[in-house]
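Engineer: Have a look at this one.
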Amino acid sequence: MVSFLLLFLTYFNYIYGLNEDLRIILSFFGGSQIKPTVSADASFIAMGLMAIHCCRRFYETHFVSVFSDAKMNIGVYFVGHFHYFGAILAILCEAPGILNRGDFEAMNYDFSLRQILGVIVFLWANKTQFDSAVILGQLRKNEKGKISSTKHYIPRGKYFELVSCPHLMCEVVIYLCLWAILWGNTNWPYVTLWVIANQIECGLLSHWWYKETFKNYPKERKAIIPYIL
C-alpha cells in the first residue's frame, strides 16, 4: 500500500507539486543535495512497476503461498521490509522535482526502447514468479484447494524443470529490468547487486537442501540460472 501511495504522490508531484511536509520527510532519508539522475518518465514507470510488484507479492503471500511450520528469523523479516522501503527511496530520491522543486521536470511520455523492453520483460518475470508461487502452493493443497500438508515436496512444471528456484531467478530479472529503466540512477545498481547476491545465495542453499533431502531429485536441474548455476 505504501508503494501505491508513493506512486500517486509521484504522479501528483508532476502535475500539482509535492506537499512540502512530505518533501521534508523524503529529504530526511535521502538528503536535500541529491541531484536528479533520471527522467520523470523513468521515475514514474519504475514506481508504477514497484507498486505492481509489491501488491502482487502481498496477494501472493496472503492468498497463494502455503508456508511450512518453520519460523523465520526476526532479522530476516525486518530486512525484507527495509529492503522495499529503501528500494522505493532509491527511486524517489533521484527523481526530478521530488527533493528539490528547482529540479522539476514534467512528464512528456517519451519512452525509450530500453524502457519499453524493460517493462515487457518485467511483466513476464512477475507473471512467471507468480506462476511459480502457485505451483509451490498447490503442492500443499488437495484437489479441492484446501491445505492438506505443510511438508516439502519436489516442485515440477514450467521453469521448475530447469531450476530449483525460478521465483528467485525472476526476482533477479525484475531488478535488472528496473535497472535498465532507471539507467543513470546512482543508487539502483547497489539495490540490484544486493538482490542478485541475496537471491543467488538463497537459491544455492535451497538447491543443496533439495538434493540432500530428496534422493530422486532431478540431476539436470540447476539452482537459479538455467543450464549454468
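Residues in the C-alpha cells are numbered from 1 in each chain, the chains being A, B, ... in the order shown, and ligands are numbered from 1 in the order shown.
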Tell me, which residues of stretch 14-178 of chain A carry DSSP helix (DSSP H, G or I), written as a ChimeraX atom specification?
Structural biologist: /A:20-30,40-63,74-92,101-103,113-138,158-161,166-178
Engineer: Could the residues in this selection be saved with C-alpha atoms as a compact mmCIF listing (two decimals), in the first residue's frame?
Structural biologist:
```
# COMPACT_ATOMS: atom_id res chain seq x y z
CA GLU A 20 6.19 20.36 1.38
CA ASP A 21 5.85 18.25 4.54
CA LEU A 22 6.34 15.06 2.54
CA ARG A 23 9.32 16.63 0.78
CA ILE A 24 10.91 17.28 4.16
CA ILE A 25 10.36 13.65 5.20
CA LEU A 26 11.93 12.33 1.98
CA SER A 27 14.82 14.78 2.34
CA PHE A 28 15.48 13.40 5.83
CA PHE A 29 16.14 9.95 4.38
CA GLY A 30 17.64 10.88 1.04
CA ALA A 40 10.34 11.98 -14.73
CA ASP A 41 9.06 9.34 -17.15
CA ALA A 42 11.59 6.74 -15.97
CA SER A 43 10.88 7.51 -12.32
CA PHE A 44 7.13 7.17 -12.78
CA ILE A 45 7.46 3.91 -14.73
CA ALA A 46 9.73 2.44 -12.06
CA MET A 47 7.40 3.50 -9.24
CA GLY A 48 4.43 2.01 -11.09
CA LEU A 49 6.20 -1.30 -11.61
CA MET A 50 7.34 -1.42 -7.99
CA ALA A 51 3.75 -0.81 -6.87
CA ILE A 52 2.54 -3.68 -9.07
CA HIS A 53 5.30 -5.92 -7.76
CA CYS A 54 4.62 -5.13 -4.09
CA CYS A 55 0.86 -5.58 -4.41
CA ARG A 56 1.29 -8.84 -6.27
CA ARG A 57 3.65 -10.12 -3.58
CA PHE A 58 1.12 -9.08 -0.91
CA TYR A 59 -1.64 -11.03 -2.63
CA GLU A 60 0.67 -13.98 -3.22
CA THR A 61 1.73 -14.11 0.43
CA HIS A 62 -1.80 -13.98 1.84
CA PHE A 63 -3.81 -15.97 -0.71
CA ILE A 74 13.17 -11.85 13.01
CA GLY A 75 16.20 -10.16 11.45
CA VAL A 76 15.37 -11.57 8.01
CA TYR A 77 11.77 -10.38 8.43
CA PHE A 78 12.80 -6.78 9.09
CA VAL A 79 15.46 -6.79 6.38
CA GLY A 80 12.77 -7.72 3.87
CA HIS A 81 10.62 -4.75 4.90
CA PHE A 82 13.54 -2.31 4.95
CA HIS A 83 14.60 -3.54 1.51
CA TYR A 84 11.37 -2.42 -0.18
CA PHE A 85 11.37 0.86 1.75
CA GLY A 86 14.97 1.50 0.68
CA ALA A 87 14.29 0.49 -2.93
CA ILE A 88 11.42 2.96 -3.21
CA LEU A 89 13.57 5.70 -1.66
CA ALA A 90 16.33 4.91 -4.17
CA ILE A 91 13.87 5.68 -6.97
CA LEU A 92 12.28 8.79 -5.46
CA ARG A 101 11.45 21.94 -6.75
CA GLY A 102 14.19 23.66 -8.71
CA ASP A 103 14.89 20.37 -10.46
CA LEU A 113 13.17 1.29 -26.49
CA ARG A 114 15.25 0.21 -23.48
CA GLN A 115 12.48 1.28 -21.12
CA ILE A 116 9.76 -0.41 -23.20
CA LEU A 117 11.71 -3.69 -23.30
CA GLY A 118 12.38 -3.35 -19.58
CA VAL A 119 8.64 -3.09 -18.87
CA ILE A 120 7.81 -6.09 -21.08
CA VAL A 121 10.43 -8.36 -19.51
CA PHE A 122 9.50 -7.08 -16.03
CA LEU A 123 5.85 -8.09 -16.55
CA TRP A 124 6.93 -11.51 -17.89
CA ALA A 125 9.14 -12.07 -14.83
CA ASN A 126 6.32 -11.03 -12.47
CA LYS A 127 3.88 -13.44 -14.17
CA THR A 128 6.43 -16.25 -14.10
CA GLN A 129 7.22 -15.60 -10.45
CA PHE A 130 3.52 -15.74 -9.60
CA ASP A 131 3.10 -18.99 -11.55
CA SER A 132 5.98 -20.47 -9.56
CA ALA A 133 4.31 -19.46 -6.29
CA VAL A 134 1.08 -21.13 -7.46
CA ILE A 135 2.93 -24.38 -8.20
CA LEU A 136 4.59 -24.34 -4.77
CA GLY A 137 1.28 -23.59 -3.06
CA GLN A 138 -0.54 -26.38 -4.87
CA LYS A 158 7.25 -24.84 -16.11
CA TYR A 159 10.59 -23.34 -15.07
CA PHE A 160 10.93 -25.78 -12.18
CA GLU A 161 12.07 -28.26 -14.81
CA PRO A 166 12.51 -19.95 -10.66
CA HIS A 167 10.84 -17.45 -8.29
CA LEU A 168 14.30 -16.28 -7.18
CA MET A 169 15.52 -16.20 -10.78
CA CYS A 170 12.58 -13.94 -11.64
CA GLU A 171 13.37 -11.64 -8.73
CA VAL A 172 16.81 -11.04 -10.20
CA VAL A 173 15.30 -10.37 -13.65
CA ILE A 174 12.80 -7.93 -12.13
CA TYR A 175 15.52 -5.77 -10.58
CA LEU A 176 17.68 -5.93 -13.70
CA CYS A 177 14.71 -4.61 -15.68
CA LEU A 178 14.27 -1.74 -13.23
```
Engineer: Pull the closest atom pair for each residue of stretch 128-171 of chain A that gets at most 6 Å from stretch 222-227 of chain A, along with the distance in Å to one decimal, counting only C-alpha atoms, ordering rows by chain and then ascending residue number, as CSV.
Structural biologist:
```
residue,atom,partner,partner_atom,distance
A:Leu162,CA,A:Pro226,CA,5.5
A:Val163,CA,A:Lys222,CA,4.6
A:Ser164,CA,A:Ala223,CA,5.0
A:Cys165,CA,A:Ile224,CA,5.4
A:Met169,CA,A:Ile224,CA,5.4
```
Engineer: Enter the distance from atom CA of A:Asn108 to atom CA of A:Val38, in Å, rounded to one decimal.
Structural biologist: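 Taking atom CA of A:Asn108 and atom CA of A:Val38, their separation equals 13.2 Å.
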Engineer: Might you pull out every residue within 10 Å of A:His152, with only C-alpha atoms counted and same-chain residues fewer than 3 positions away left off, and present them as a VMD selection string?
Structural biologist: chain A and resid 67 to 68 136 139 to 140 149 155 210 213 to 214
Engineer: Given the choices A:Ile154, A:Pro189, A:Ile147, A:Glu220, which gets closest to A:Ser206 if the distance is worked out from only C-alpha atoms?
Structural biologist: A:Ile154
Engineer: How many Å lie between atom CA of A:Val195 and atom CA of A:Asn73, rounded to one decimal?
Structural biologist: 18.5 Å
Engineer: How many Å lie between atom CA of A:Thr150 and atom CA of A:Ser65, rounded to one decimal?
Structural biologist: 10.9 Å
Engineer: Which is closer to A:Lys211 than all the others in A:Thr186, A:Tyr153, A:Ser39, A:Asn198, using only C-alpha atoms?
Structural biologist: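 So, comparing all the options, the nearest one is A:Tyr153.
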